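Accompanying notes for the structure given below.
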Amino acid sequence: MSRLPEDLIIEILSRLPAKPLIRFKKVSKIWNSIISDPQFIKLHLQRAKQTNNNVRLLLSTFSPQSLDFEAFSNGDLSNAITKVSFPEIVKGPPTFYVKIIGSCDGLVCLLDDHGTMFLWNPTTEECKKLPNPKGAIYSMFLHGVGYNVGTDDYGVLIASYFSGEIIVELYTLKTNMWREIENVGPIPEESSGFSGIAWNGTLYWLKVKEVSNVNKKVYVIVSFDMADEKFKEVVSLPERFDPSSDKVSLGMPENGKLCVFCECKGRCFEGLVLNFNGGEAFWTKLFDFPQIKFPGFDNEVLCLTKNGEIVLESDGWKLYLYNPKEGIFRNFEMNNCGDACELGLYVESLVSPNV
């Protein structure tokens with residue numbers, strides 16, 4: 001293979017999973033140089049996104065676990081669950097808890113219960129400790145990790161209450177600094193799910209909004225553009241989703257589009273895809289099936305597998321795979337998963353938190 005042209009080697013390597021590429025750095029100096037090149041890392045990430053490959057579920061237990069739900073869906077149980085290790089800067093028990101701030105392109109931002117916030121790539125095991133923001137990190141009500149295409153930089157956004165005021169701060173990887181952002185537009189204080197979903201250079205959340213003229217509440221998608229640093233309301237969810245009784249969550253982009261999953265209490269589960277036609281946003285239905293024989297009382301759809309099965313969280317810490325065509329549930333049988341565990345989706349990549 002060493003006799004192949006370098007551009008062909010790049011083409012082949014860019015289509016492989018991230019884990020083997022880390023080992024392949026040891027093959028030769030040339031391969032190490034190729035795989036470590038920032039342009040190759042971007043190409044590899046782009047290919048992974050195009051095929052929706054290498055998406056995994058992180059469980060932030062003290063001995064963290066990573067779940068390949070595609071492998072589980074395909075019956076490959078031996079490779080479905082792997083153990084990962086938090087970096088040494090994470091302080092452990094007896095009062096251990098790790099909060100998932102958000103993830104983007106393989107970088108996951110975590111906060112331990114001693115106040116240490118850090119960016120971490122679970123695939124490469126690289127880590128970067130973040131400086132302390134101005135606001136109170138334990139009064140955060142909104143957060144996420146995003147990518148600014150214009151500056152080619154990753155950032156962590158938090159909104160918190162501090163001394164009776166709301167402070168919005170943005171950390172950028174290249175500056176290694178937090179800065180307060182003012183005049184950001186309508187901040188989604190009453191949001192459903194605190195971690196934003198990163199998609200196409202923008203962070204997205206669900207917000208509950210009161211419509212004053214009809215005296216009712218509706219769900220609204222709110223975005224934060226990493227380039228212009230503004231919040232804005234994008235589109236409302238259909239009125240049949242009632243914030244007083246339905247549970248709605250944003251999901252991992254499906255085929256390049258943002259998804260919304262809803263548990264309509266006592267009726268059904270629905271999945272919607274957000275589409276754009278010019279400046280207009282509209283919804284199309286991804287799935288719809290009756291809510292019968294579901295486990296637990298508090299269910300949330302996390303994402304979909306390629307063959308249409310649904311990854312479902314129940315009662316805050318139980319995980320299932322549901323086949324809507326056959327009506328069959330399968331339990332993930334995760335170890336050491338309890339009430340203090342958070343779940344977060346991330347993609348396996350070579351992106352480094354150290355620049």
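Chain lettering (A, B, ...) mirrors the order of the structure tokens, residue numbering begins at 1 for each chain separately, and ligand numbering begins at 1 in order of display.
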
Go through stretch 14-66 of chain A and flag each residue having an atom no more than 12 Å from stretch 256-271 of chain A; for those, report the closest pair of atoms plus their distance in Å to one decimal, using only C-alpha atoms, ordered by chain and rising number, as JSON lines.
```
{"residue": "A:Gln46", "atom": "CA", "partner": "A:Gly256", "partner_atom": "CA", "distance": 11.4}
{"residue": "A:Ala48", "atom": "CA", "partner": "A:Gly256", "partner_atom": "CA", "distance": 11.6}
{"residue": "A:Lys49", "atom": "CA", "partner": "A:Gly256", "partner_atom": "CA", "distance": 7.9}
{"residue": "A:Gln50", "atom": "CA", "partner": "A:Gly256", "partner_atom": "CA", "distance": 7.7}
{"residue": "A:Thr51", "atom": "CA", "partner": "A:Gly256", "partner_atom": "CA", "distance": 9.7}
{"residue": "A:Asn52", "atom": "CA", "partner": "A:Gly256", "partner_atom": "CA", "distance": 8.5}
```

If you keep N, CA and C atoms, can you produce a file of those selected residues as an mmCIF file, in the first residue's frame?
```
data_model
loop_
_atom_site.group_PDB
_atom_site.id
_atom_site.type_symbol
_atom_site.label_atom_id
_atom_site.label_comp_id
_atom_site.auth_asym_id
_atom_site.auth_seq_id
_atom_site.Cartn_x
_atom_site.Cartn_y
_atom_site.Cartn_z
ATOM 1 N N GLN A 46 -16.128 15.137 7.632
ATOM 2 C CA GLN A 46 -17.141 15.359 6.599
ATOM 3 C C GLN A 46 -17.692 14.045 6.064
ATOM 4 N N ALA A 48 -17.738 11.166 7.624
ATOM 5 C CA ALA A 48 -18.518 10.519 8.679
ATOM 6 C C ALA A 48 -19.922 11.119 8.767
ATOM 7 N N LYS A 49 -20.025 12.440 8.597
ATOM 8 C CA LYS A 49 -21.324 13.105 8.654
ATOM 9 C C LYS A 49 -22.182 12.730 7.455
ATOM 10 N N GLN A 50 -21.567 12.608 6.289
ATOM 11 C CA GLN A 50 -22.324 12.276 5.083
ATOM 12 C C GLN A 50 -22.971 10.903 5.177
ATOM 13 N N THR A 51 -22.289 9.979 5.816
ATOM 14 C CA THR A 51 -22.799 8.614 5.929
ATOM 15 C C THR A 51 -23.495 8.357 7.268
ATOM 16 N N ASN A 52 -23.500 9.391 8.143
ATOM 17 C CA ASN A 52 -24.088 9.259 9.485
ATOM 18 C C ASN A 52 -23.445 8.116 10.263
#
```

Quiz item: Any idea what's packed within 10 Å of A:Phe69, counting only C-alpha atoms, ignoring anything in its chain fewer than 6 positions away? Could you give it as a list in words?
Solution: Asn54, Val55, Arg56, Leu57, Gly75, Asp76, Leu77, Asn79, Ala80, Ile81, Cys303, Leu304, Thr305, Lys306, Glu309, Ile310, Val311, Tyr320, Leu321 and Phe332 of chain A

Quiz prompt | Selected residue, from A:Val145, A:Met226, A:Asn331, A:Glu239, that lies nearest to A:Val211 when counting only C-alpha atoms | solution =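 Nearest to A:Val211: A:Glu239.
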
Self-check item: Among listed residues A:Thr61, A:Ser73, A:Ser236, A:Ser223, nearest A:Ile187 (using only C-alpha atoms)
Solution: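 The answer is A:Ser223, which sits nearest to A:Ile187.
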
Among stretch 52-145 of chain A, which ones does DSSP assign to strand (DSSP E) (computed from the backbone)? Answer as a PDB file with N, CA and C atoms, in the first residue's frame.
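That gives us states.pdb:
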```pdb
ATOM      1  N   VAL A  55     -21.673   7.533  15.117  1.00  0.00           N
ATOM      2  CA  VAL A  55     -22.397   8.233  16.167  1.00  0.00           C
ATOM      3  C   VAL A  55     -22.588   7.281  17.344  1.00  0.00           C
ATOM      4  N   ARG A  56     -22.252   7.755  18.534  1.00  0.00           N
ATOM      5  CA  ARG A  56     -22.326   6.911  19.720  1.00  0.00           C
ATOM      6  C   ARG A  56     -23.034   7.664  20.840  1.00  0.00           C
ATOM      7  N   LEU A  57     -23.405   6.909  21.865  1.00  0.00           N
ATOM      8  CA  LEU A  57     -24.086   7.469  23.025  1.00  0.00           C
ATOM      9  C   LEU A  57     -23.157   7.362  24.227  1.00  0.00           C
ATOM     10  N   LEU A  58     -22.875   8.496  24.858  1.00  0.00           N
ATOM     11  CA  LEU A  58     -22.007   8.543  26.036  1.00  0.00           C
ATOM     12  C   LEU A  58     -22.840   8.532  27.295  1.00  0.00           C
ATOM     13  N   LEU A  59     -22.477   7.659  28.244  1.00  0.00           N
ATOM     14  CA  LEU A  59     -23.088   7.628  29.565  1.00  0.00           C
ATOM     15  C   LEU A  59     -22.052   8.119  30.568  1.00  0.00           C
ATOM     16  N   GLN A  65     -19.248   4.899  29.857  1.00  0.00           N
ATOM     17  CA  GLN A  65     -19.455   3.885  28.837  1.00  0.00           C
ATOM     18  C   GLN A  65     -19.898   4.541  27.541  1.00  0.00           C
ATOM     19  N   SER A  66     -19.538   3.901  26.449  1.00  0.00           N
ATOM     20  CA  SER A  66     -19.893   4.404  25.126  1.00  0.00           C
ATOM     21  C   SER A  66     -20.657   3.306  24.396  1.00  0.00           C
ATOM     22  N   LEU A  67     -21.812   3.669  23.859  1.00  0.00           N
ATOM     23  CA  LEU A  67     -22.687   2.706  23.215  1.00  0.00           C
ATOM     24  C   LEU A  67     -22.766   2.954  21.712  1.00  0.00           C
ATOM     25  N   ILE A  81     -20.946  -2.097  23.313  1.00  0.00           N
ATOM     26  CA  ILE A  81     -20.619  -1.307  24.495  1.00  0.00           C
ATOM     27  C   ILE A  81     -19.120  -1.346  24.762  1.00  0.00           C
ATOM     28  N   THR A  82     -18.524  -0.188  24.918  1.00  0.00           N
ATOM     29  CA  THR A  82     -17.111  -0.106  25.273  1.00  0.00           C
ATOM     30  C   THR A  82     -16.947   0.835  26.467  1.00  0.00           C
ATOM     31  N   LYS A  83     -15.925   0.567  27.263  1.00  0.00           N
ATOM     32  CA  LYS A  83     -15.606   1.436  28.384  1.00  0.00           C
ATOM     33  C   LYS A  83     -14.628   2.516  27.930  1.00  0.00           C
ATOM     34  N   VAL A  98     -20.999  13.956  36.771  1.00  0.00           N
ATOM     35  CA  VAL A  98     -20.479  14.626  35.586  1.00  0.00           C
ATOM     36  C   VAL A  98     -21.654  15.074  34.730  1.00  0.00           C
ATOM     37  N   LYS A  99     -21.707  16.347  34.456  1.00  0.00           N
ATOM     38  CA  LYS A  99     -22.775  16.931  33.645  1.00  0.00           C
ATOM     39  C   LYS A  99     -22.282  17.105  32.213  1.00  0.00           C
ATOM     40  N   ILE A 100     -23.111  16.717  31.257  1.00  0.00           N
ATOM     41  CA  ILE A 100     -22.774  16.887  29.848  1.00  0.00           C
ATOM     42  C   ILE A 100     -23.278  18.250  29.390  1.00  0.00           C
ATOM     43  N   ILE A 101     -22.346  19.146  29.057  1.00  0.00           N
ATOM     44  CA  ILE A 101     -22.686  20.499  28.623  1.00  0.00           C
ATOM     45  C   ILE A 101     -23.143  20.500  27.163  1.00  0.00           C
ATOM     46  N   GLY A 102     -22.559  19.615  26.369  1.00  0.00           N
ATOM     47  CA  GLY A 102     -22.916  19.526  24.958  1.00  0.00           C
ATOM     48  C   GLY A 102     -21.808  18.849  24.181  1.00  0.00           C
ATOM     49  N   SER A 103     -22.051  18.621  22.889  1.00  0.00           N
ATOM     50  CA  SER A 103     -21.027  18.017  22.041  1.00  0.00           C
ATOM     51  C   SER A 103     -21.151  18.542  20.621  1.00  0.00           C
ATOM     52  N   CYS A 104     -20.027  18.530  19.918  1.00  0.00           N
ATOM     53  CA  CYS A 104     -19.991  18.970  18.528  1.00  0.00           C
ATOM     54  C   CYS A 104     -18.772  18.351  17.857  1.00  0.00           C
ATOM     55  N   LEU A 107     -16.144  16.553  19.958  1.00  0.00           N
ATOM     56  CA  LEU A 107     -15.713  17.206  21.189  1.00  0.00           C
ATOM     57  C   LEU A 107     -16.891  17.276  22.155  1.00  0.00           C
ATOM     58  N   VAL A 108     -16.682  16.769  23.368  1.00  0.00           N
ATOM     59  CA  VAL A 108     -17.719  16.763  24.394  1.00  0.00           C
ATOM     60  C   VAL A 108     -17.275  17.667  25.532  1.00  0.00           C
ATOM     61  N   CYS A 109     -18.150  18.576  25.951  1.00  0.00           N
ATOM     62  CA  CYS A 109     -17.837  19.438  27.090  1.00  0.00           C
ATOM     63  C   CYS A 109     -18.523  18.878  28.325  1.00  0.00           C
ATOM     64  N   LEU A 110     -17.728  18.679  29.387  1.00  0.00           N
ATOM     65  CA  LEU A 110     -18.224  18.095  30.622  1.00  0.00           C
ATOM     66  C   LEU A 110     -17.910  18.997  31.807  1.00  0.00           C
ATOM     67  N   LEU A 111     -18.708  18.859  32.851  1.00  0.00           N
ATOM     68  CA  LEU A 111     -18.518  19.587  34.098  1.00  0.00           C
ATOM     69  C   LEU A 111     -18.645  18.614  35.249  1.00  0.00           C
ATOM     70  N   ASP A 112     -17.565  18.475  36.053  1.00  0.00           N
ATOM     71  CA  ASP A 112     -17.678  17.569  37.195  1.00  0.00           C
ATOM     72  C   ASP A 112     -18.195  18.333  38.413  1.00  0.00           C
ATOM     73  N   MET A 117     -14.530  22.265  34.354  1.00  0.00           N
ATOM     74  CA  MET A 117     -15.149  22.153  33.041  1.00  0.00           C
ATOM     75  C   MET A 117     -14.050  21.881  32.021  1.00  0.00           C
ATOM     76  N   PHE A 118     -14.309  20.938  31.103  1.00  0.00           N
ATOM     77  CA  PHE A 118     -13.274  20.582  30.155  1.00  0.00           C
ATOM     78  C   PHE A 118     -13.872  20.086  28.844  1.00  0.00           C
ATOM     79  N   LEU A 119     -13.115  20.275  27.768  1.00  0.00           N
ATOM     80  CA  LEU A 119     -13.441  19.716  26.462  1.00  0.00           C
ATOM     81  C   LEU A 119     -12.662  18.423  26.302  1.00  0.00           C
ATOM     82  N   TRP A 120     -13.341  17.407  25.809  1.00  0.00           N
ATOM     83  CA  TRP A 120     -12.763  16.070  25.783  1.00  0.00           C
ATOM     84  C   TRP A 120     -13.213  15.347  24.521  1.00  0.00           C
ATOM     85  N   ASN A 121     -12.265  14.699  23.858  1.00  0.00           N
ATOM     86  CA  ASN A 121     -12.597  13.825  22.746  1.00  0.00           C
ATOM     87  C   ASN A 121     -12.507  12.389  23.256  1.00  0.00           C
ATOM     88  N   GLU A 126      -8.014  12.924  24.041  1.00  0.00           N
ATOM     89  CA  GLU A 126      -7.410  14.240  24.276  1.00  0.00           C
ATOM     90  C   GLU A 126      -8.360  15.093  25.108  1.00  0.00           C
ATOM     91  N   CYS A 127      -7.780  15.991  25.906  1.00  0.00           N
ATOM     92  CA  CYS A 127      -8.588  16.780  26.837  1.00  0.00           C
ATOM     93  C   CYS A 127      -7.992  18.174  27.006  1.00  0.00           C
ATOM     94  N   LYS A 128      -8.860  19.141  27.259  1.00  0.00           N
ATOM     95  CA  LYS A 128      -8.417  20.493  27.555  1.00  0.00           C
ATOM     96  C   LYS A 128      -9.277  21.071  28.671  1.00  0.00           C
ATOM     97  N   LYS A 129      -8.638  21.470  29.769  1.00  0.00           N
ATOM     98  CA  LYS A 129      -9.356  22.098  30.868  1.00  0.00           C
ATOM     99  C   LYS A 129      -9.684  23.537  30.509  1.00  0.00           C
ATOM    100  N   MET A 140     -26.420  27.502  35.620  1.00  0.00           N
ATOM    101  CA  MET A 140     -26.625  27.497  34.174  1.00  0.00           C
ATOM    102  C   MET A 140     -28.016  26.961  33.846  1.00  0.00           C
ATOM    103  N   PHE A 141     -28.704  27.620  32.929  1.00  0.00           N
ATOM    104  CA  PHE A 141     -29.992  27.122  32.471  1.00  0.00           C
ATOM    105  C   PHE A 141     -29.976  26.843  30.968  1.00  0.00           C
ATOM    106  N   LEU A 142     -28.850  27.124  30.325  1.00  0.00           N
ATOM    107  CA  LEU A 142     -28.735  26.909  28.879  1.00  0.00           C
ATOM    108  C   LEU A 142     -27.261  26.716  28.544  1.00  0.00           C
ATOM    109  N   HIS A 143     -26.955  25.732  27.691  1.00  0.00           N
ATOM    110  CA  HIS A 143     -25.567  25.519  27.315  1.00  0.00           C
ATOM    111  C   HIS A 143     -25.476  24.678  26.056  1.00  0.00           C
ATOM    112  N   GLY A 144     -24.281  24.690  25.445  1.00  0.00           N
ATOM    113  CA  GLY A 144     -24.065  23.895  24.250  1.00  0.00           C
ATOM    114  C   GLY A 144     -22.670  24.104  23.700  1.00  0.00           C
ATOM    115  N   VAL A 145     -22.273  23.230  22.783  1.00  0.00           N
ATOM    116  CA  VAL A 145     -20.978  23.314  22.108  1.00  0.00           C
ATOM    117  C   VAL A 145     -21.243  23.430  20.615  1.00  0.00           C
TER     118      VAL A 145
END
```

Quiz item: Quick one: distance from atom CA of A:Glu182 to atom CA of A:Ile167 in Å, one decimal?
Solution: 8.3 Å
